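Participant: Sharing my_file00.txt, compact mmCIF, C-alpha atoms:
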# COMPACT_ATOMS: atom_id res chain seq x y z
CA MET A 123 18.09 11.83 -29.14
CA VAL A 124 21.67 12.15 -27.88
CA ILE A 125 22.96 15.60 -26.97
CA SER A 126 26.43 16.62 -25.96
CA ASN A 127 27.58 18.78 -23.09
CA GLU A 128 28.35 21.48 -25.63
CA GLU A 129 24.73 21.49 -26.84
CA VAL A 130 23.42 21.92 -23.31
CA LEU A 131 25.92 24.70 -22.62
CA SER A 132 25.03 26.45 -25.86
CA SER A 133 21.44 26.84 -24.68
CA THR A 134 22.60 29.40 -22.15
CA ILE A 135 23.92 31.75 -24.80
CA THR A 136 21.23 31.31 -27.43
CA SER A 137 19.89 34.65 -28.60
CA GLU A 138 16.21 35.49 -28.06
CA LEU A 139 15.51 35.16 -31.78
CA GLU A 140 17.02 31.68 -31.93
CA TYR A 141 15.46 30.45 -28.69
CA ASN A 142 13.16 27.48 -29.28
CA ARG A 143 11.62 26.55 -25.96
CA ALA A 144 10.15 23.22 -27.08
CA ASP A 145 13.49 22.03 -28.44
CA GLU A 146 15.39 23.11 -25.33
CA LEU A 147 12.88 21.40 -23.03
CA LYS A 148 13.23 18.16 -24.93
CA ALA A 149 17.03 18.41 -25.05
CA PHE A 150 17.13 18.95 -21.29
CA ASP A 151 14.67 16.14 -20.57
CA ASP A 152 16.47 13.71 -22.86
CA THR A 153 19.66 13.97 -20.80
CA LYS A 154 17.78 12.27 -17.93
CA LYS A 155 20.27 13.98 -15.60
CA GLY A 156 18.01 16.74 -14.35
CA VAL A 157 19.13 20.06 -12.94
CA LYS A 158 22.01 18.39 -11.14
CA GLY A 159 23.34 17.35 -14.53
CA LEU A 160 23.49 21.00 -15.58
CA VAL A 161 25.28 21.99 -12.39
CA ASP A 162 27.79 19.17 -12.87
CA LEU A 163 28.70 20.76 -16.22
CA GLY A 164 29.84 23.86 -14.37
CA LEU A 165 27.26 26.26 -15.80
CA LYS A 166 27.67 29.89 -14.78
CA LYS A 167 24.35 30.99 -16.28
CA ILE A 168 21.04 29.15 -16.17
CA PRO A 169 19.39 27.98 -19.41
CA ASN A 170 16.51 30.00 -20.84
CA ILE A 171 13.92 27.38 -19.92
CA PHE A 172 14.41 28.22 -16.22
CA ILE A 173 14.26 32.01 -16.48
CA ARG A 174 11.10 33.59 -15.08
CA GLN A 175 9.50 36.95 -15.69
CA PRO A 176 10.20 39.60 -13.02
CA ASP A 177 6.56 39.66 -11.90
CA GLU A 178 6.81 35.96 -11.02
CA LEU A 179 9.83 36.60 -8.81
CA ASN A 180 8.68 39.66 -6.87
CA GLN A 181 8.16 39.38 -3.14
CA LYS A 182 4.54 40.60 -3.12
CA SER A 183 5.40 42.25 0.19
CA ASP A 184 4.06 45.41 1.75
CA GLU A 185 7.63 46.08 2.90
CA LEU A 186 6.78 45.74 6.60
CA ASP A 187 9.38 44.23 8.89
CA GLN A 188 9.05 40.45 8.61
CA THR A 189 11.73 39.41 11.08
CA ASP A 190 9.21 38.65 13.84
CA ILE A 191 6.73 36.78 11.65
CA GLN A 192 6.84 32.99 11.52
CA ILE A 193 4.40 30.14 11.07
CA PRO A 194 3.06 28.65 14.33
CA PHE A 195 5.00 26.01 16.28
CA ILE A 196 2.97 23.29 17.98
CA ASP A 197 4.19 20.77 20.57
CA LEU A 198 2.12 17.65 19.93
CA GLN A 199 2.84 16.36 23.45
CA GLY A 200 0.97 19.26 25.07
CA ASP A 201 -2.54 19.26 26.58
CA HIS A 202 -4.89 17.47 24.15
CA GLN A 203 -7.49 20.24 23.83
CA GLU A 204 -4.83 22.94 23.65
CA VAL A 205 -3.11 21.05 20.83
CA ILE A 206 -6.41 20.82 18.93
CA ASP A 207 -7.09 24.52 19.43
CA LYS A 208 -3.61 25.50 18.24
CA ILE A 209 -3.85 23.26 15.16
CA MET A 210 -7.23 24.68 14.23
CA LYS A 211 -6.10 28.28 14.71
CA ALA A 212 -2.98 27.66 12.59
CA SER A 213 -4.98 25.79 9.93
CA GLU A 214 -7.63 28.50 9.69
CA GLU A 215 -5.29 31.50 9.74
CA TRP A 216 -2.07 30.21 8.15
CA GLY A 217 -2.72 26.84 6.54
CA PHE A 218 0.78 25.96 7.78
CA PHE A 219 2.41 25.03 11.08
CA GLN A 220 5.51 23.26 12.36
CA VAL A 221 5.28 20.37 14.82
CA VAL A 222 7.77 19.15 17.40
CA ASN A 223 7.57 16.10 19.68
CA HIS A 224 5.80 14.41 16.80
CA GLY A 225 7.07 10.89 17.46
CA VAL A 226 9.30 10.49 14.40
CA PRO A 227 12.85 9.77 15.64
CA LEU A 228 15.52 12.31 14.71
CA SER A 229 17.65 9.44 13.39
CA VAL A 230 14.90 8.60 10.87
CA LEU A 231 14.68 12.23 9.72
CA ASP A 232 18.45 12.49 9.30
CA GLU A 233 18.76 9.20 7.45
CA MET A 234 15.89 10.11 5.11
CA THR A 235 17.73 13.30 4.17
CA GLU A 236 20.92 11.32 3.58
CA GLY A 237 19.01 8.80 1.46
CA VAL A 238 17.80 11.57 -0.86
CA ILE A 239 21.37 12.82 -1.23
CA ARG A 240 22.67 9.30 -1.95
CA PHE A 241 20.09 8.76 -4.67
CA ASN A 242 20.75 12.05 -6.44
CA GLU A 243 24.53 11.94 -6.15
CA GLN A 244 25.01 8.36 -7.27
CA ASP A 245 26.15 7.37 -10.76
CA ASP A 246 23.93 8.93 -13.46
CA GLU A 247 23.37 5.60 -15.19
CA GLU A 248 21.90 4.10 -12.02
CA LYS A 249 19.64 7.11 -11.53
CA LYS A 250 18.46 7.02 -15.14
CA LYS A 251 16.85 3.61 -14.53
CA TYR A 252 14.06 5.42 -12.71
CA HIS A 253 13.63 8.30 -15.14
CA THR A 254 10.14 8.43 -16.65
CA ARG A 255 7.12 10.66 -17.14
CA ASP A 256 4.70 7.76 -16.83
CA ARG A 257 2.46 8.67 -13.88
CA ALA A 258 1.19 5.11 -13.67
CA LYS A 259 4.56 4.03 -12.28
CA LYS A 260 4.94 3.62 -8.52
CA VAL A 261 8.48 5.00 -8.51
CA TRP A 262 9.83 7.63 -10.86
CA TYR A 263 12.51 10.26 -11.09
CA ASN A 264 12.56 13.38 -13.26
CA SER A 265 12.94 17.13 -13.17
CA ASN A 266 9.65 19.06 -13.10
CA PHE A 267 6.55 16.87 -13.46
CA ASP A 268 4.97 19.77 -15.38
CA LEU A 269 8.04 20.51 -17.52
CA TYR A 270 6.10 20.73 -20.78
CA VAL A 271 3.12 22.76 -19.53
CA SER A 272 4.68 25.24 -17.08
CA LYS A 273 5.74 28.77 -18.06
CA ALA A 274 9.27 28.11 -16.83
CA ALA A 275 11.06 25.11 -15.36
CA ASN A 276 11.89 24.99 -11.66
CA TRP A 277 15.42 24.47 -10.32
CA ARG A 278 14.96 21.02 -8.77
CA ASP A 279 14.93 17.27 -9.38
CA THR A 280 12.45 14.87 -7.78
CA LEU A 281 12.17 11.21 -6.87
CA THR A 282 8.50 10.25 -6.50
CA VAL A 283 7.30 7.18 -4.60
CA ASN A 284 3.57 6.40 -4.66
CA MET A 285 2.45 4.03 -1.91
CA ILE A 286 -1.00 2.57 -1.22
CA ARG A 287 -1.69 1.46 2.36
CA SER A 288 -3.97 -1.40 1.34
CA ASP A 289 -1.50 -2.62 -1.30
CA PRO A 290 2.03 -2.56 0.16
CA MET A 291 4.84 -1.87 -2.27
CA ASN A 292 7.44 -4.49 -3.12
CA PRO A 293 10.64 -3.04 -1.58
CA GLU A 294 12.59 -4.13 -4.66
CA GLU A 295 10.81 -1.42 -6.64
CA LEU A 296 12.61 1.25 -4.62
CA PRO A 297 16.13 2.49 -5.43
CA THR A 298 18.80 0.78 -3.35
CA ALA A 299 20.25 4.14 -2.32
CA CYS A 300 17.18 5.02 -0.25
CA ARG A 301 15.14 1.81 -0.08
CA ASP A 302 15.21 0.91 3.61
CA ILE A 303 14.86 4.42 4.95
CA THR A 304 11.99 5.29 2.59
CA ILE A 305 10.00 2.34 3.96
CA GLU A 306 10.83 3.27 7.56
CA TYR A 307 10.08 6.94 6.99
CA ALA A 308 6.71 6.15 5.39
CA LYS A 309 5.73 4.01 8.40
CA ASN A 310 6.52 6.80 10.83
CA ILE A 311 4.87 9.56 8.80
CA THR A 312 1.72 7.48 8.33
CA VAL A 313 1.33 7.17 12.10
CA LEU A 314 1.83 10.91 12.48
CA GLY A 315 -0.62 11.60 9.66
CA ASP A 316 -3.31 9.48 11.33
CA ALA A 317 -2.80 11.40 14.59
CA LEU A 318 -3.06 14.77 12.83
CA PHE A 319 -6.27 13.77 11.04
CA GLU A 320 -7.80 12.72 14.37
CA LEU A 321 -6.94 16.10 15.87
CA LEU A 322 -8.32 17.94 12.84
CA SER A 323 -11.52 15.86 12.92
CA GLU A 324 -12.08 16.77 16.55
CA GLY A 325 -11.33 20.41 15.81
CA LEU A 326 -14.02 20.40 13.12
CA GLY A 327 -16.53 19.01 15.61
CA LEU A 328 -16.51 15.53 14.06
CA LYS A 329 -15.75 12.13 15.52
CA PRO A 330 -11.95 11.53 15.76
CA ASP A 331 -12.00 8.88 13.03
CA HIS A 332 -14.15 10.83 10.57
CA LEU A 333 -11.40 11.98 8.19
CA LYS A 334 -9.60 8.65 8.43
CA LYS A 335 -12.80 6.87 7.40
CA MET A 336 -12.78 9.06 4.30
CA ASN A 337 -9.47 7.33 3.41
CA CYS A 338 -7.53 10.57 3.65
CA THR A 339 -4.32 8.60 4.23
CA GLU A 340 -4.92 5.69 1.86
CA SER A 341 -2.42 7.11 -0.64
CA ILE A 342 1.03 8.16 0.56
CA ASN A 343 2.98 10.05 -2.07
CA ILE A 344 6.56 10.79 -1.09
CA LEU A 345 8.29 13.44 -3.18
CA SER A 346 11.98 13.81 -2.41
CA HIS A 347 13.24 17.09 -3.84
CA TYR A 348 16.88 17.86 -4.58
CA TYR A 349 17.61 21.56 -5.21
CA PRO A 350 21.19 22.02 -6.47
CA ALA A 351 23.06 25.25 -5.84
CA CYS A 352 21.97 27.78 -8.47
CA PRO A 353 24.39 30.19 -10.20
CA GLU A 354 21.62 32.77 -10.80
CA PRO A 355 18.95 32.24 -8.12
CA GLU A 356 17.49 35.69 -8.73
CA LEU A 357 16.25 34.54 -12.16
CA THR A 358 14.39 31.36 -11.26
CA LEU A 359 12.60 29.45 -8.49
CA GLY A 360 12.99 26.09 -6.78
CA ILE A 361 9.23 25.63 -6.96
CA THR A 362 6.82 28.25 -8.22
CA GLU A 363 3.93 29.35 -6.02
CA HIS A 364 1.23 26.71 -5.71
CA THR A 365 -1.12 24.96 -3.34
CA ASP A 366 -1.07 21.20 -2.67
CA VAL A 367 -3.88 19.23 -4.29
CA VAL A 368 -3.99 16.56 -1.55
CA PHE A 369 -5.53 16.48 1.95
CA LEU A 370 -2.43 17.05 4.07
CA THR A 371 1.31 17.48 3.50
CA ILE A 372 4.05 16.70 6.01
CA LEU A 373 7.42 18.14 4.99
CA LEU A 374 10.96 17.39 6.11
CA GLN A 375 13.63 19.93 5.10
CA ASN A 376 17.36 20.13 5.68
CA ASP A 377 19.20 23.18 7.01
CA ILE A 378 19.10 25.17 3.75
CA GLY A 379 16.05 27.42 3.69
CA GLY A 380 13.98 28.66 0.79
CA LEU A 381 10.41 27.63 1.64
CA GLN A 382 8.06 30.60 1.81
CA VAL A 383 4.36 30.84 2.72
CA PHE A 384 2.10 33.60 1.41
CA HIS A 385 0.44 35.24 4.42
CA LYS A 386 -1.31 38.61 4.65
CA ASN A 387 0.04 39.89 1.35
CA ARG A 388 3.66 38.96 2.00
CA TRP A 389 6.00 36.00 1.61
CA VAL A 390 7.07 34.62 4.98
CA ASP A 391 10.19 32.45 5.33
CA VAL A 392 9.77 29.03 6.94
CA HIS A 393 13.11 28.70 8.66
CA PRO A 394 14.40 25.12 9.03
CA THR A 395 14.29 23.92 12.64
CA PRO A 396 16.20 20.75 13.57
CA GLY A 397 13.81 17.94 14.43
CA ALA A 398 10.67 19.83 13.39
CA LEU A 399 8.31 18.88 10.57
CA VAL A 400 6.25 21.34 8.52
CA VAL A 401 2.55 20.54 8.08
CA ASN A 402 0.22 22.22 5.62
CA ILE A 403 -3.41 21.94 4.64
CA GLY A 404 -4.08 20.74 1.08
CA ASP A 405 -6.81 21.75 -1.36
CA LEU A 406 -8.94 18.67 -0.67
CA LEU A 407 -9.00 19.42 3.06
CA GLN A 408 -10.05 23.02 2.39
CA ILE A 409 -12.80 21.68 0.14
CA THR A 410 -14.06 18.99 2.53
CA SER A 411 -13.98 21.45 5.47
CA ASN A 412 -16.06 23.81 3.34
CA ASP A 413 -13.40 26.53 3.42
CA ARG A 414 -12.84 26.45 7.18
CA LEU A 415 -9.29 25.11 6.86
CA LYS A 416 -7.05 26.97 4.42
CA SER A 417 -4.80 25.66 1.68
CA VAL A 418 -2.40 28.54 1.00
CA GLU A 419 0.14 29.36 -1.66
CA HIS A 420 3.76 28.53 -0.97
CA ARG A 421 6.94 28.35 -3.00
CA VAL A 422 10.66 27.59 -2.74
CA LEU A 423 13.35 30.08 -3.70
CA ALA A 424 16.45 29.04 -5.60
CA ASN A 425 19.68 29.52 -3.67
CA HIS A 426 23.41 30.01 -4.22
CA ALA A 427 23.91 27.35 -1.53
CA GLY A 428 22.98 23.74 -2.02
CA PRO A 429 21.78 21.18 -2.20
CA ARG A 430 18.57 21.97 -0.37
CA ILE A 431 16.78 18.71 0.46
CA SER A 432 13.11 18.38 1.24
CA VAL A 433 10.85 15.35 1.52
CA GLY A 434 7.16 16.03 1.12
CA CYS A 435 4.78 13.30 2.23
CA PHE A 436 1.40 13.94 0.61
CA LEU A 437 -1.49 12.17 2.31
CA THR A 438 -4.67 11.75 0.31
CA THR A 439 -7.28 9.41 -1.10
CA ARG A 440 -6.43 7.15 -4.01
CA PHE A 441 -6.65 8.99 -7.30
CA ASP A 442 -6.27 5.85 -9.42
CA VAL A 443 -9.73 4.52 -8.52
CA GLU A 444 -13.14 6.12 -8.33
CA ALA A 445 -14.87 6.37 -4.95
CA GLU A 446 -17.50 8.62 -3.43
CA PRO A 447 -17.54 12.05 -5.08
CA ASN A 448 -15.40 14.70 -3.43
CA GLY A 449 -17.01 17.74 -1.84
CA PRO A 450 -17.76 19.40 1.50
CA ILE A 451 -18.52 17.08 4.45
CA LYS A 452 -22.30 17.05 4.89
CA GLU A 453 -22.03 17.53 8.67
CA LEU A 454 -20.33 20.88 8.01
CA ILE A 455 -23.11 22.13 5.72
CA SER A 456 -25.97 24.18 7.10
CA GLU A 457 -28.30 27.02 6.16
CA SER A 458 -25.79 29.48 7.57
CA SER A 459 -22.87 27.61 5.98
CA PRO A 460 -23.94 26.51 2.47
CA PRO A 461 -21.57 24.47 0.31
CA VAL A 462 -18.74 26.49 -1.24
CA TYR A 463 -17.71 23.67 -3.59
CA ARG A 464 -19.55 21.30 -5.87
CA GLN A 465 -19.03 17.55 -5.96
CA PHE A 466 -16.51 16.10 -8.41
CA SER A 467 -14.78 12.84 -9.26
CA ASN A 468 -11.18 11.85 -8.63
CA LYS A 469 -10.55 11.64 -12.38
CA GLU A 470 -11.84 15.15 -13.05
CA TYR A 471 -9.74 16.50 -10.20
CA VAL A 472 -6.45 14.83 -11.13
CA ASP A 473 -6.80 15.34 -14.87
CA TYR A 474 -7.32 19.06 -14.36
CA PHE A 475 -4.29 19.39 -12.08
CA PHE A 476 -1.89 17.64 -14.45
CA THR A 477 -3.02 19.70 -17.43
CA GLN A 478 -2.31 22.90 -15.50
CA GLY A 479 0.79 22.13 -13.44
CA HIS A 480 1.79 24.31 -10.51
CA GLY A 481 0.22 27.73 -10.36
CA GLY A 482 -1.77 29.17 -7.50
CA LYS A 483 -5.27 27.97 -6.59
CA ARG A 484 -6.41 26.65 -9.94
CA CYS A 485 -7.87 23.44 -8.51
CA LEU A 486 -9.78 25.21 -5.76
CA ASP A 487 -11.28 27.80 -8.08
CA ARG A 488 -12.22 25.17 -10.62
CA PHE A 489 -14.55 23.32 -8.24
CA LYS A 490 -16.34 26.20 -6.53
CA VAL A 491 -20.14 26.28 -6.76
Would you mind writing the structure in this file as structure tokens?

Facilitator:
Amino acid sequence: MVISNEEVLSSTITSELEYNRADELKAFDDTKKGVKGLVDLGLKKIPNIFIRQPDELNQKSDELDQTDIQIPFIDLQGDHQEVIDKIMKASEEWGFFQVVNHGVPLSVLDEMTEGVIRFNEQDDEEKKKYHTRDRAKKVWYNSNFDLYVSKAANWRDTLTVNMIRSDPMNPEELPTACRDITIEYAKNITVLGDALFELLSEGLGLKPDHLKKMNCTESINILSHYYPACPEPELTLGITEHTDVVFLTILLQNDIGGLQVFHKNRWVDVHPTPGALVVNIGDLLQITSNDRLKSVEHRVLANHAGPRISVGCFLTTRFDVEAEPNGPIKELISESSPPVYRQFSNKEYVDYFFTQGHGGKRCLDRFKV
């Protein structure tokens, strides 16, 4: 299907009676230009497919002063036991923390951000080569992985790179615009991820290599998000509230904010800090820790300013093969701490997530005992 700029523009002024969501979703997807393509047209109003209901956009705040509330900062070069204690406290109470002195060079962080910009702002025809909704691909670009199942589309485009540690990717599969830096960034983040899992293992009272032996970092999924400036940010979101279905997420973000964490009945801004990386607990780590570590809801606001760039590195087991069933670690189960979750297969877990899309703690609730 070929659609013109006029057809895309007309979607913004379609009356409620004429609005056909399925047709507009397909028309948008068929452009293969994503949200950036809409912005390049000079839209002043966002299309209907992005507009959310007011209850999805509210702050869920108790109106208390939030200026002094922020997620914990942890210096990874501090005293070993103090670092473990701080990580555990943050993981149990917040599910989020920022790390500094993490070992990833600032030059690598900056170049990764630039690589995401180069990919998204290159010629559309070059970018379209990677456009697909085939999850079996190792590299793919699109807007909203859950475009056809979500209540409303999010204001962002994403380049996804799926790496397997035991099966290194052919560099030629990566886009030229960000090829070298993606490989370098993955190497650095993998080292950091291994270190964080050792600290978390010790904090849980396990041997340092326990989580690593569970292959928690065998799969490295890098999602590079590009959030264009939005003409009506009050009507949509960059990413709706959700939890991460993996074990651990390490996030790089540029200087444009928008990330919020839900904490004690309010949304708390995660302000960008030069050189820092954001770490958050995923659903699988909450499950395997038997609810000791918390995977919490977070979201990204749309913004008049842009582009916001973020690179999420999702560390987890391989979902494309079956292994030992997932569930709480047996060493963490006792008479006083019975299992909160049942065992389940990788296939059941992933299939459920992709049929639901983003939306709160669906995966966690699904697998409770």

Participant: With distances taken over only C-alpha atoms, which of A:Val472, A:Val367, A:Leu374, A:Ile239 is nearest to Val443 in chain A?

Facilitator: A:Val472

Participant: Give the answer as one residue: which of A:Met291, A:Ile455, A:Val205, A:Leu357 has the shortest atom-to-atom distance to Leu179 in chain A, using only C-alpha atoms?

Facilitator: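 Answer, going by the shortest atom-to-atom distance: A:Leu357.
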
Participant: With only C-alpha atoms as the basis for distance, which of A:Val261, A:Val418, A:Glu453, A:Gly434 is at the shortest distance from Leu328 in chain A?

Facilitator: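 Selected residue with least distance to Leu328 in chain A: A:Glu453.
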
Participant: With distances taken over all atoms listed in the file, which residue among A:Ser272, A:Ser417, A:Thr358, A:Asn266 lies nearest Pro176 in chain A?

Facilitator: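 With all atoms listed in the file as the atom set, the closest residue is A:Thr358.
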
Participant: Could you tell me which of A:Val157, A:Leu406, A:Val226, A:Val383 comes closest to Ser467 in chain A if we count all atoms listed in the file?

Facilitator: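 Among the listed residues, A:Leu406 lies closest to Ser467 in chain A.
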
Participant: Just give me the gap between CA of Ile311 in chain A and CA of Thr282 in chain A in Å, one decimal is fine.

Facilitator: 15.7 Å

Participant: Any idea what's packed within 6 Å of Leu281 in chain A, counting all atoms listed in the file, ignoring anything in its chain fewer than 6 positions away? Could you give it as a list in words?

Facilitator: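 Non-adjacent residues within range: Trp262, Tyr263, Leu345 and Ser346 of chain A.
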
Participant: Please identify all polymer residues within 10 Å of Pro396 in chain A, counting all atoms listed in the file, omitting same-chain residues fewer than 5 positions from it, and present them as a PyMOL selection string.

Facilitator: chain A and resi 222+228+231-232+374-377
